[in-house]
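This report refers to the structure that appears directly beneath it.
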Amino acid sequence: MGGDDKQAAIDTYGLEERTFPPPLEFVANALVTDRSLQEHADADHEDFWATQARELLTWQRDFDTVLEWDLPFAKWFIGGQLNVSENCLDRHVAAGRGDKVAYHWEGEPGDTRTITYAELLDEVQRFANVLKSLGVRKGDRVNIYMPMIPELPVAMLACARIGAPHSIVFGGFSSDSLADRINDAEAKVLVTADGGYRRGAAAGLKPHADVALTNTPSIEHVVVVRRTGQDVDMTEGRDHWYHELLADADPVCPPEPMESEDLLYLLYTSGTTAKPKGIMHTTGGYLTQVAFTHKYVFDLQADTDVYWCAADIGWVTGHSYIVYGPLANGATSVMYEGTPDTPGRDRWWDIIERYGVTILYCAPTAIRTFMKWGTAEPAKHDLGSLRLLGSVGEPINPEAWMWYREHIGGGQAPIVDTWWQTETGAIMISPLPGLTVTKPGSATFPLPGVGAEVVDDAGHKVELGGGYLTLTKPWPSMLRGIYGDPERYRDTYWSRFEGRYFAGDGAKLDDDGYLWLLGRVDDVMNVSGHRISTTEVESALVDHPKVAESAVVGAKDDTTGQAIVAFVTVKGDVTHSVELGEELRKHVATKIGPTARPKTVIFTDDLPKTRSGKIMRRLLRDVAEGRDLGDTTTLADPAVVEEIRRRATTAPQEE
Ligand code: WTA
């Protein structure tokens with residue numbers, strides 16, 4: 001970093017002046033409209049979480065110790081016993097809500113299934129007995145590799161019912177990735193499907209699983225859901241059809257009493273090395289915090305809301321906010337199998353209108369895609385049912401935030417920009433929609449019961465300006481470690497700043513104490529000793545009326561350390577030109593400052609993204625620096641890279 005000690009860890013230039021208080025009609029019925037939760041948490045962190053745990057969950061046996069904290073290892077609600085599937089299903093049915101819809105499921109071809117809590121409980125019990133009949137015992141790992149079909153939450157809850165941790169591998173991952181994860185977890189059973197529907201066609205999953213299964217010695221049985229009806233190979237003795245096993249299964253399976261700290265699931269996430277990390281989440285603390293955040297961040301009115309989290313269950317957002325949070329709270333959710341442009345680019349808006357969705361939770365990358373497709377698509381539908389919007393997964397730039405508010409939220413619905421990670425298990429930083437005055441692009445404040453601080457390079461707390469986001473207190477849904485690798489857990493998260501969890505994200509605090517997430521720290525550029533966030537430059541670019549989307553990287557530069565390279569996608573009817581590139585460079589200089597002016601602008605028709613929609617900046621950096629590309633198997637469309645690489649070599653550069 002630059003020589004000046006007083007320089008903030010990250011220089012930030014962008015200023016967002018707009019503020020939006022919660023609308024009065026929203027406040028009138030909101031769950032949180034004052035600071036009492038915050039005051040409780042500030043007064044007594046442990047008592048606050050203990051109260052949430054007892055209020056939101058049903059325990060088979062109450063806990064006697066709230067927290068045992070031996071940094072970096074936490075245990076929450078010790079002595080307590082509970083079962084996650086019982087909390088998600090049985091207790092709602094027992095309370096007379098068995099006929100309530102748990103999921104309005106919609107397949108991409110347009111087929112639908114309405115699943116009540118009673119029906120879900122029935123199928124979960126049967127499948128739990130199927131797993132038992134295949135030899136799965138408490139503590140055994142079960143791998144799941146499935147499309148977005150109802151059998152996926154069924155499989156998860158069946159695992160939870162018998163105390164078998166699940167490990168879900170997103171259906172878009174390759175055979176190799178699947179095999180690695182199965183082997184790391186030493187899973188005994190794999191649950192998969194013949195395939196699923198994407199972009200109007202049946203995409204096979206079982207064939208990929210079959211390749212993985214040639215190299216996974218721990219797997220004894222494979223259960224296959226028939227979704228597409230395509231031909232698949234079934235290995236005699238190992239592979240079984242889901243519907244056949246289910247038809248013969250005993251309908252009653254009592255929920256296994258689990259210790260609060262028993263493993264609920266593993267979810268693999270990529271780190272800085274090639275080996276993915278198996279993030280461990282346990283039972284009582286995880287369920288407490290996902291239920292708490294799902295209820296209060298989304299202001300859940302369980303009797304009337306129709307909630308839709310448009311993520312894939314293969315990612316943590318789906319685990320926590322399609323399955324465990326909403327079901328623990330007895331919510332009614334929409335679940336959709338396919339892509340947003342099938343059969344038309346208004347599929348989401350059509351779904352929202354037909355089901356009367358009241359809460360939508362999605363990623364900024366989706367929002368920017370919809371911006372690119374134009375306002376005419378959402379305008380075809382009545383989106384008047386929507387009363388709250390959520391964002392997750394990456395920093396949301398103010399222009400996308402405003403577009404979301406105007407064109408999806410009718411200029412009224414509050415937006416909750418929720419910051420969290422696979423590792424945190426649940427939302428950590430977010431507005432409370434009936435209380436917090438929002439600013440477009442800011443995740444605002446840590447939630448009650450969460451300690452978050454920005455620190456400088458030396459680990460000193462920053463009160464204003466940029467730095468590194470850290471978490472200062474243990475939280476119930478925190479990861480309990482990396483499966484099989486406690487040292488890596490300590491090194492990765494707890495060694496950079498003493499006594500603090502290092503999230504790996506840059507953040508800044510503005511004059512009013514609002515938190516602005518600046519992306520991963522490795523996305524922070526250092527140009528001539530000035531640290532500039534890729535996000536801020538991207539945001540300035542997207543602010544230009546001709547730009548649809550952009551990704552900015554810092555490429556090595558002999559003179560300035562790093563040079564800013566901007567990959568830009570223009571709106572549908574705009575043609576790109578050298579002149580437009582120059583105009584965009586000027587625009588950024590005007591919006592942020594001359595140091596933030598990109599050295600190179602590269603126009604591209606699409607940006608390389610992971611299957612969860614994150615822009616692959618590391619790859620773009622490689623392209624920008626003319627290096628060889630690494631592994632591209634997690635790309636949504638590897639062809640994009642070639643295209644970008646071709647253009648990178650022909651783009652004009654500023655002197
Ligand atoms: C980023 C997804 C800015 C961040 C839940 C984090 C965000 C990483 C936000 C975790 C947000 C997530 N604003 N950045 N609201 N939410 N991120 O593990 O860089 O897939 O570290 O969890 O996404 O990604 P993960």
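So you can find residues: chains in the structure tokens are A, B, ... in the order shown, residues in each start at 1, and ligands are numbered from 1 in order.
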Produce a table with one row for each residue of chain A that has an atom at most 7 Å from any atom of ligand 1, each row naming the nearest atom pair and its distance in Å at one decimal; use only C-alpha atoms and all ligand atoms; arrange rows by chain and rising residue number; format as CSV.
```
residue,atom,partner,partner_atom_place_in_ligand_line,distance
A:Thr269,CA,ligand 1,18 (O),6.8
A:Trp315,CA,ligand 1,20 (O),6.6
A:Val316,CA,ligand 1,22 (O),6.1
A:Thr317,CA,ligand 1,5 (C),5.3
A:Ser391,CA,ligand 1,15 (N),6.1
A:Val392,CA,ligand 1,15 (N),4.4
A:Gly393,CA,ligand 1,12 (C),3.4
A:Glu394,CA,ligand 1,14 (N),3.5
A:Pro395,CA,ligand 1,3 (C),3.3
A:Ile396,CA,ligand 1,13 (N),6.2
A:Asp417,CA,ligand 1,15 (N),5.0
A:Thr418,CA,ligand 1,15 (N),4.1
A:Trp419,CA,ligand 1,15 (N),3.6
A:Trp420,CA,ligand 1,5 (C),4.9
A:Gln421,CA,ligand 1,22 (O),3.5
A:Thr422,CA,ligand 1,18 (O),3.7
A:Glu423,CA,ligand 1,18 (O),6.4
A:Ala443,CA,ligand 1,15 (N),6.1
A:Ala503,CA,ligand 1,21 (O),6.1
A:Gly504,CA,ligand 1,21 (O),6.1
A:Asp505,CA,ligand 1,19 (O),5.4
A:Leu517,CA,ligand 1,3 (C),4.8
A:Leu518,CA,ligand 1,3 (C),6.6
A:Gly519,CA,ligand 1,19 (O),4.8
A:Arg520,CA,ligand 1,19 (O),4.8
```
*Shell of 6 Å around range 134-149 of chain A, only C-alpha atoms, local chain residues under 2 positions omitted, as a PyMOL selection string*: chain A and resi 131-132+151-152+162-169+171+187-193+196+337
With only C-alpha atoms as the counted atoms, please give the residues lying no more than 8 Å from Met335 in chain A, apart from itself and same-chain residues fewer than 4 positions off, as a PDB file with all heavy atoms, in the first residue's frame.
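The file below, selection_24.pdb, is the result:
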```
ATOM      1  N   TYR A 103     -44.395 -25.084  -0.294  1.00  0.00           N
ATOM      2  CA  TYR A 103     -43.802 -24.675  -1.577  1.00  0.00           C
ATOM      3  C   TYR A 103     -44.830 -24.665  -2.707  1.00  0.00           C
ATOM      4  O   TYR A 103     -45.529 -25.657  -2.914  1.00  0.00           O
ATOM      5  CB  TYR A 103     -42.686 -25.642  -2.002  1.00  0.00           C
ATOM      6  CG  TYR A 103     -41.459 -25.599  -1.124  1.00  0.00           C
ATOM      7  CD1 TYR A 103     -41.128 -26.684  -0.318  1.00  0.00           C
ATOM      8  CD2 TYR A 103     -40.624 -24.479  -1.105  1.00  0.00           C
ATOM      9  CE1 TYR A 103     -39.993 -26.659   0.500  1.00  0.00           C
ATOM     10  CE2 TYR A 103     -39.494 -24.443  -0.289  1.00  0.00           C
ATOM     11  CZ  TYR A 103     -39.187 -25.535   0.506  1.00  0.00           C
ATOM     12  OH  TYR A 103     -38.075 -25.496   1.299  1.00  0.00           O
ATOM     13  N   HIS A 104     -44.882 -23.558  -3.400  1.00  0.00           N
ATOM     14  CA  HIS A 104     -45.482 -23.541  -4.725  1.00  0.00           C
ATOM     15  C   HIS A 104     -44.313 -23.810  -5.660  1.00  0.00           C
ATOM     16  O   HIS A 104     -43.502 -22.915  -5.922  1.00  0.00           O
ATOM     17  CB  HIS A 104     -46.047 -22.153  -5.067  1.00  0.00           C
ATOM     18  CG  HIS A 104     -47.227 -21.755  -4.245  1.00  0.00           C
ATOM     19  ND1 HIS A 104     -48.457 -22.322  -4.402  1.00  0.00           N
ATOM     20  CD2 HIS A 104     -47.366 -20.821  -3.274  1.00  0.00           C
ATOM     21  CE1 HIS A 104     -49.316 -21.758  -3.566  1.00  0.00           C
ATOM     22  NE2 HIS A 104     -48.683 -20.845  -2.866  1.00  0.00           N
ATOM     23  N   TRP A 105     -44.209 -25.037  -6.131  1.00  0.00           N
ATOM     24  CA  TRP A 105     -43.078 -25.367  -6.993  1.00  0.00           C
ATOM     25  C   TRP A 105     -43.482 -25.246  -8.452  1.00  0.00           C
ATOM     26  O   TRP A 105     -44.591 -25.628  -8.848  1.00  0.00           O
ATOM     27  CB  TRP A 105     -42.588 -26.793  -6.699  1.00  0.00           C
ATOM     28  CG  TRP A 105     -41.461 -27.184  -7.623  1.00  0.00           C
ATOM     29  CD1 TRP A 105     -40.149 -26.849  -7.506  1.00  0.00           C
ATOM     30  CD2 TRP A 105     -41.580 -27.959  -8.822  1.00  0.00           C
ATOM     31  NE1 TRP A 105     -39.427 -27.362  -8.556  1.00  0.00           N
ATOM     32  CE2 TRP A 105     -40.284 -28.046  -9.386  1.00  0.00           C
ATOM     33  CE3 TRP A 105     -42.644 -28.581  -9.475  1.00  0.00           C
ATOM     34  CZ2 TRP A 105     -40.024 -28.737 -10.560  1.00  0.00           C
ATOM     35  CZ3 TRP A 105     -42.392 -29.267 -10.653  1.00  0.00           C
ATOM     36  CH2 TRP A 105     -41.082 -29.344 -11.178  1.00  0.00           C
ATOM     37  N   GLU A 106     -42.574 -24.700  -9.253  1.00  0.00           N
ATOM     38  CA  GLU A 106     -42.845 -24.601 -10.684  1.00  0.00           C
ATOM     39  C   GLU A 106     -41.640 -25.095 -11.475  1.00  0.00           C
ATOM     40  O   GLU A 106     -40.521 -24.634 -11.290  1.00  0.00           O
ATOM     41  CB  GLU A 106     -43.154 -23.144 -11.045  1.00  0.00           C
ATOM     42  CG  GLU A 106     -43.487 -22.981 -12.513  1.00  0.00           C
ATOM     43  CD  GLU A 106     -44.340 -21.752 -12.807  1.00  0.00           C
ATOM     44  OE1 GLU A 106     -45.352 -21.541 -12.109  1.00  0.00           O
ATOM     45  OE2 GLU A 106     -43.982 -21.007 -13.725  1.00  0.00           O
ATOM     46  N   MET A 148     -33.362 -28.170  -9.187  1.00  0.00           N
ATOM     47  CA  MET A 148     -34.266 -27.483  -8.256  1.00  0.00           C
ATOM     48  C   MET A 148     -35.657 -28.106  -8.300  1.00  0.00           C
ATOM     49  O   MET A 148     -36.602 -27.518  -8.834  1.00  0.00           O
ATOM     50  CB  MET A 148     -34.325 -26.002  -8.621  1.00  0.00           C
ATOM     51  CG  MET A 148     -33.109 -25.241  -8.165  1.00  0.00           C
ATOM     52  SD  MET A 148     -33.184 -24.913  -6.385  1.00  0.00           S
ATOM     53  CE  MET A 148     -34.445 -23.634  -6.364  1.00  0.00           C
ATOM     54  N   TRP A 308     -40.272 -15.579  -2.083  1.00  0.00           N
ATOM     55  CA  TRP A 308     -39.510 -16.269  -3.136  1.00  0.00           C
ATOM     56  C   TRP A 308     -38.041 -15.873  -3.090  1.00  0.00           C
ATOM     57  O   TRP A 308     -37.684 -14.720  -3.334  1.00  0.00           O
ATOM     58  CB  TRP A 308     -40.080 -15.937  -4.526  1.00  0.00           C
ATOM     59  CG  TRP A 308     -39.384 -16.679  -5.636  1.00  0.00           C
ATOM     60  CD1 TRP A 308     -38.644 -17.820  -5.531  1.00  0.00           C
ATOM     61  CD2 TRP A 308     -39.369 -16.334  -7.025  1.00  0.00           C
ATOM     62  NE1 TRP A 308     -38.177 -18.218  -6.753  1.00  0.00           N
ATOM     63  CE2 TRP A 308     -38.605 -17.313  -7.692  1.00  0.00           C
ATOM     64  CE3 TRP A 308     -39.939 -15.297  -7.764  1.00  0.00           C
ATOM     65  CZ2 TRP A 308     -38.380 -17.276  -9.071  1.00  0.00           C
ATOM     66  CZ3 TRP A 308     -39.713 -15.269  -9.132  1.00  0.00           C
ATOM     67  CH2 TRP A 308     -38.955 -16.248  -9.775  1.00  0.00           C
ATOM     68  N   CYS A 309     -37.227 -16.854  -2.768  1.00  0.00           N
ATOM     69  CA  CYS A 309     -35.780 -16.683  -2.873  1.00  0.00           C
ATOM     70  C   CYS A 309     -35.376 -17.384  -4.153  1.00  0.00           C
ATOM     71  O   CYS A 309     -35.511 -18.605  -4.279  1.00  0.00           O
ATOM     72  CB  CYS A 309     -35.073 -17.308  -1.674  1.00  0.00           C
ATOM     73  SG  CYS A 309     -33.296 -17.447  -1.902  1.00  0.00           S
ATOM     74  N   ALA A 310     -34.896 -16.612  -5.120  1.00  0.00           N
ATOM     75  CA  ALA A 310     -34.651 -17.146  -6.457  1.00  0.00           C
ATOM     76  C   ALA A 310     -33.237 -17.699  -6.634  1.00  0.00           C
ATOM     77  O   ALA A 310     -32.729 -17.769  -7.738  1.00  0.00           O
ATOM     78  CB  ALA A 310     -34.954 -16.075  -7.500  1.00  0.00           C
ATOM     79  N   ILE A 322     -34.066 -20.840   1.260  1.00  0.00           N
ATOM     80  CA  ILE A 322     -35.154 -21.528   0.559  1.00  0.00           C
ATOM     81  C   ILE A 322     -35.648 -22.668   1.451  1.00  0.00           C
ATOM     82  O   ILE A 322     -36.826 -22.953   1.503  1.00  0.00           O
ATOM     83  CB  ILE A 322     -34.706 -22.090  -0.814  1.00  0.00           C
ATOM     84  CG1 ILE A 322     -34.276 -20.957  -1.741  1.00  0.00           C
ATOM     85  CG2 ILE A 322     -35.838 -22.900  -1.457  1.00  0.00           C
ATOM     86  CD1 ILE A 322     -33.775 -21.413  -3.110  1.00  0.00           C
TER      87      ILE A 322
END
```
*If you measure from CA of Val521 in chain A to CA of Pro598 in chain A, what distance in Å do you get, rounded to one decimal?*
18.9 Å
Can you list every residue of range 324-348 of chain A that has an atom at most 7 Å from range 291-297 of chain A, with its nearest atom pair and the distance in Å to one decimal, using only C-alpha atoms, ordered by chain then number, as a Markdown table?
```
| residue | atom | partner | partner_atom | distance |
| --- | --- | --- | --- | --- |
| A:Gly325 | CA | A:Ala291 | CA | 4.6 |
| A:Pro326 | CA | A:His294 | CA | 6.6 |
| A:Ala328 | CA | A:Ala291 | CA | 6.0 |
| A:Asn329 | CA | A:Ala291 | CA | 6.2 |
```
Write the selection just made, keeping N, CA, C and O atoms, as a compact mmCIF listing (two decimals), in the first residue's frame?
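The resulting file, out.txt, is shown below:
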```txt
# COMPACT_ATOMS: atom_id res chain seq x y z
N GLY A 325 -34.56 -21.61 6.80
CA GLY A 325 -35.18 -20.43 7.41
C GLY A 325 -36.69 -20.39 7.18
O GLY A 325 -37.48 -20.34 8.13
N PRO A 326 -37.12 -20.41 5.91
CA PRO A 326 -38.55 -20.33 5.64
C PRO A 326 -39.36 -21.47 6.26
O PRO A 326 -40.45 -21.25 6.78
N ALA A 328 -38.52 -23.34 8.94
CA ALA A 328 -38.54 -23.18 10.40
C ALA A 328 -39.61 -22.18 10.80
O ALA A 328 -40.27 -22.33 11.83
N ASN A 329 -39.79 -21.15 9.98
CA ASN A 329 -40.76 -20.11 10.30
C ASN A 329 -42.17 -20.41 9.76
O ASN A 329 -43.06 -19.58 9.88
```
*Find the residues around Val101 in chain A up to 6 Å (only C-alpha atoms counted), leave out those fewer than 4 positions away in its own chain, and share them as a ChimeraX atom specification.*
/A:115-116,332
*When distances are computed from only C-alpha atoms, which of A:Lys439, A:Arg368, A:Arg126, A:His381 shows the smallest separation from Tyr404 in chain A?*
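The shortest atom-to-atom distance to Tyr404 in chain A comes from A:Arg368.
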*Within 8 Å of Val565 in chain A, counting only C-alpha atoms, which residues show up once you throw out same-chain ones fewer than 3 positions away? Write them as an NGL selection string, please.*
:A and (552-555 or 598-602 or 624)
*asked:* Using DSSP assignments from the backbone, pull out every residue in range 134-271 of chain A that falls under strand (DSSP E or B) and give it to me as a ChimeraX atom specification.
replied: /A:142-145,166-168,189-193,195-198,201-204,221-225,239-241,258-259,263-269
Residues from the last selection, N, CA, C and O atoms, saved as a short mmCIF file (atom, residue, chain, number, x, y, z; two decimals), in the first residue's frame:
```cif
data_model
loop_
_atom_site.label_atom_id
_atom_site.label_comp_id
_atom_site.auth_asym_id
_atom_site.auth_seq_id
_atom_site.Cartn_x
_atom_site.Cartn_y
_atom_site.Cartn_z
N VAL A 142 -24.33 -37.88 3.49
CA VAL A 142 -25.10 -38.17 2.27
C VAL A 142 -24.84 -37.05 1.28
O VAL A 142 -25.00 -35.87 1.61
N ASN A 143 -24.40 -37.40 0.08
CA ASN A 143 -24.19 -36.37 -0.93
C ASN A 143 -25.45 -36.17 -1.76
O ASN A 143 -26.19 -37.13 -2.01
N ILE A 144 -25.67 -34.95 -2.17
CA ILE A 144 -26.87 -34.63 -2.96
C ILE A 144 -26.43 -33.81 -4.17
O ILE A 144 -25.66 -32.86 -4.04
N TYR A 145 -26.91 -34.22 -5.34
CA TYR A 145 -26.53 -33.59 -6.61
C TYR A 145 -27.80 -33.54 -7.44
O TYR A 145 -28.15 -34.51 -8.11
N HIS A 166 -25.86 -33.68 5.34
CA HIS A 166 -25.84 -33.71 3.88
C HIS A 166 -24.72 -32.82 3.35
O HIS A 166 -24.25 -31.91 4.03
N SER A 167 -24.32 -33.11 2.13
CA SER A 167 -23.34 -32.29 1.44
C SER A 167 -23.87 -32.13 0.02
O SER A 167 -23.87 -33.08 -0.76
N ILE A 168 -24.36 -30.95 -0.27
CA ILE A 168 -24.98 -30.71 -1.57
C ILE A 168 -23.93 -30.14 -2.53
O ILE A 168 -23.18 -29.24 -2.17
N VAL A 189 -23.96 -42.40 0.57
CA VAL A 189 -25.07 -42.45 -0.39
C VAL A 189 -25.05 -41.17 -1.21
O VAL A 189 -24.72 -40.10 -0.69
N LEU A 190 -25.40 -41.30 -2.48
CA LEU A 190 -25.59 -40.12 -3.33
C LEU A 190 -27.06 -40.07 -3.77
O LEU A 190 -27.60 -41.08 -4.22
N VAL A 191 -27.67 -38.90 -3.62
CA VAL A 191 -29.03 -38.71 -4.13
C VAL A 191 -28.92 -37.77 -5.32
O VAL A 191 -28.33 -36.68 -5.22
N THR A 192 -29.46 -38.20 -6.46
CA THR A 192 -29.35 -37.39 -7.67
C THR A 192 -30.64 -37.52 -8.48
O THR A 192 -31.65 -38.00 -7.97
N ALA A 193 -30.62 -37.08 -9.71
CA ALA A 193 -31.79 -37.18 -10.59
C ALA A 193 -31.30 -37.52 -11.99
O ALA A 193 -30.12 -37.32 -12.30
N GLY A 195 -32.04 -35.88 -14.57
CA GLY A 195 -31.64 -34.57 -15.11
C GLY A 195 -32.60 -33.51 -14.63
O GLY A 195 -33.39 -33.74 -13.71
N GLY A 196 -32.50 -32.33 -15.23
CA GLY A 196 -33.40 -31.24 -14.89
C GLY A 196 -33.57 -30.37 -16.12
O GLY A 196 -32.86 -30.56 -17.12
N TYR A 197 -34.50 -29.42 -16.04
CA TYR A 197 -34.72 -28.56 -17.20
C TYR A 197 -34.00 -27.23 -17.05
O TYR A 197 -34.10 -26.58 -16.03
N ARG A 198 -33.28 -26.86 -18.10
CA ARG A 198 -32.61 -25.55 -18.17
C ARG A 198 -32.68 -25.04 -19.60
O ARG A 198 -32.35 -25.76 -20.52
N ALA A 201 -34.50 -27.17 -22.29
CA ALA A 201 -34.07 -28.52 -22.64
C ALA A 201 -33.77 -29.33 -21.38
O ALA A 201 -33.48 -28.77 -20.33
N ALA A 202 -33.85 -30.65 -21.54
CA ALA A 202 -33.49 -31.53 -20.42
C ALA A 202 -31.97 -31.65 -20.36
O ALA A 202 -31.33 -32.04 -21.32
N ALA A 203 -31.41 -31.27 -19.21
CA ALA A 203 -29.96 -31.38 -19.03
C ALA A 203 -29.68 -32.55 -18.11
O ALA A 203 -30.28 -32.66 -17.04
N GLY A 204 -28.81 -33.44 -18.54
CA GLY A 204 -28.55 -34.66 -17.77
C GLY A 204 -27.70 -34.40 -16.53
O GLY A 204 -26.77 -33.60 -16.56
N HIS A 221 -24.67 -46.62 -2.22
CA HIS A 221 -25.95 -46.60 -2.95
C HIS A 221 -26.19 -45.25 -3.59
O HIS A 221 -25.75 -44.22 -3.06
N VAL A 222 -26.93 -45.29 -4.70
CA VAL A 222 -27.29 -44.06 -5.41
C VAL A 222 -28.81 -44.07 -5.59
O VAL A 222 -29.37 -45.06 -6.05
N VAL A 223 -29.45 -42.98 -5.18
CA VAL A 223 -30.90 -42.87 -5.36
C VAL A 223 -31.14 -41.85 -6.47
O VAL A 223 -30.57 -40.74 -6.43
N VAL A 224 -31.96 -42.22 -7.45
CA VAL A 224 -32.15 -41.38 -8.63
C VAL A 224 -33.62 -40.95 -8.75
O VAL A 224 -34.50 -41.79 -8.83
N VAL A 225 -33.84 -39.64 -8.74
CA VAL A 225 -35.19 -39.13 -8.95
C VAL A 225 -35.43 -39.06 -10.46
O VAL A 225 -34.56 -38.61 -11.21
N ASP A 239 -27.69 -48.57 -7.87
CA ASP A 239 -28.59 -47.46 -8.22
C ASP A 239 -30.05 -47.87 -8.04
O ASP A 239 -30.46 -48.97 -8.44
N HIS A 240 -30.83 -46.96 -7.47
CA HIS A 240 -32.24 -47.24 -7.20
C HIS A 240 -33.08 -46.04 -7.60
O HIS A 240 -32.67 -44.90 -7.42
N TRP A 241 -34.29 -46.32 -8.11
CA TRP A 241 -35.20 -45.21 -8.41
C TRP A 241 -35.86 -44.71 -7.14
O TRP A 241 -36.39 -45.49 -6.35
N MET A 258 -31.12 -34.66 18.29
CA MET A 258 -29.74 -34.29 17.95
C MET A 258 -29.20 -33.30 18.97
O MET A 258 -29.93 -32.45 19.47
N GLU A 259 -27.92 -33.42 19.26
CA GLU A 259 -27.27 -32.42 20.10
C GLU A 259 -27.18 -31.12 19.32
O GLU A 259 -27.02 -31.13 18.09
N LEU A 263 -23.35 -32.08 13.61
CA LEU A 263 -23.21 -31.56 12.24
C LEU A 263 -24.53 -31.67 11.48
O LEU A 263 -25.11 -32.75 11.40
N LEU A 264 -24.98 -30.54 10.92
CA LEU A 264 -26.20 -30.56 10.09
C LEU A 264 -25.82 -30.74 8.62
O LEU A 264 -26.43 -31.52 7.91
N TYR A 265 -24.83 -29.98 8.19
CA TYR A 265 -24.40 -30.17 6.80
C TYR A 265 -23.00 -29.66 6.54
O TYR A 265 -22.44 -28.90 7.33
N LEU A 266 -22.47 -30.11 5.41
CA LEU A 266 -21.23 -29.58 4.85
C LEU A 266 -21.61 -28.87 3.57
O LEU A 266 -22.48 -29.33 2.83
N LEU A 267 -20.95 -27.76 3.30
CA LEU A 267 -21.14 -27.12 2.00
C LEU A 267 -19.77 -26.62 1.56
O LEU A 267 -19.12 -25.86 2.26
N TYR A 268 -19.37 -27.09 0.39
CA TYR A 268 -18.02 -26.78 -0.09
C TYR A 268 -18.01 -25.43 -0.79
O TYR A 268 -18.92 -25.10 -1.56
N THR A 269 -16.98 -24.66 -0.51
CA THR A 269 -16.85 -23.36 -1.15
C THR A 269 -15.39 -23.18 -1.54
O THR A 269 -14.50 -23.76 -0.92
#
```
*Test item: residues at most 12 Å from Pro476 in chain A, only C-alpha atoms, excluding those fewer than 5 positions along its chain, as a VMD selection string*: chain A and resid 45 to 46 48 to 50 52 to 53 66 to 69 73 to 78 260 to 261 281 to 293 423 to 428 449 to 450
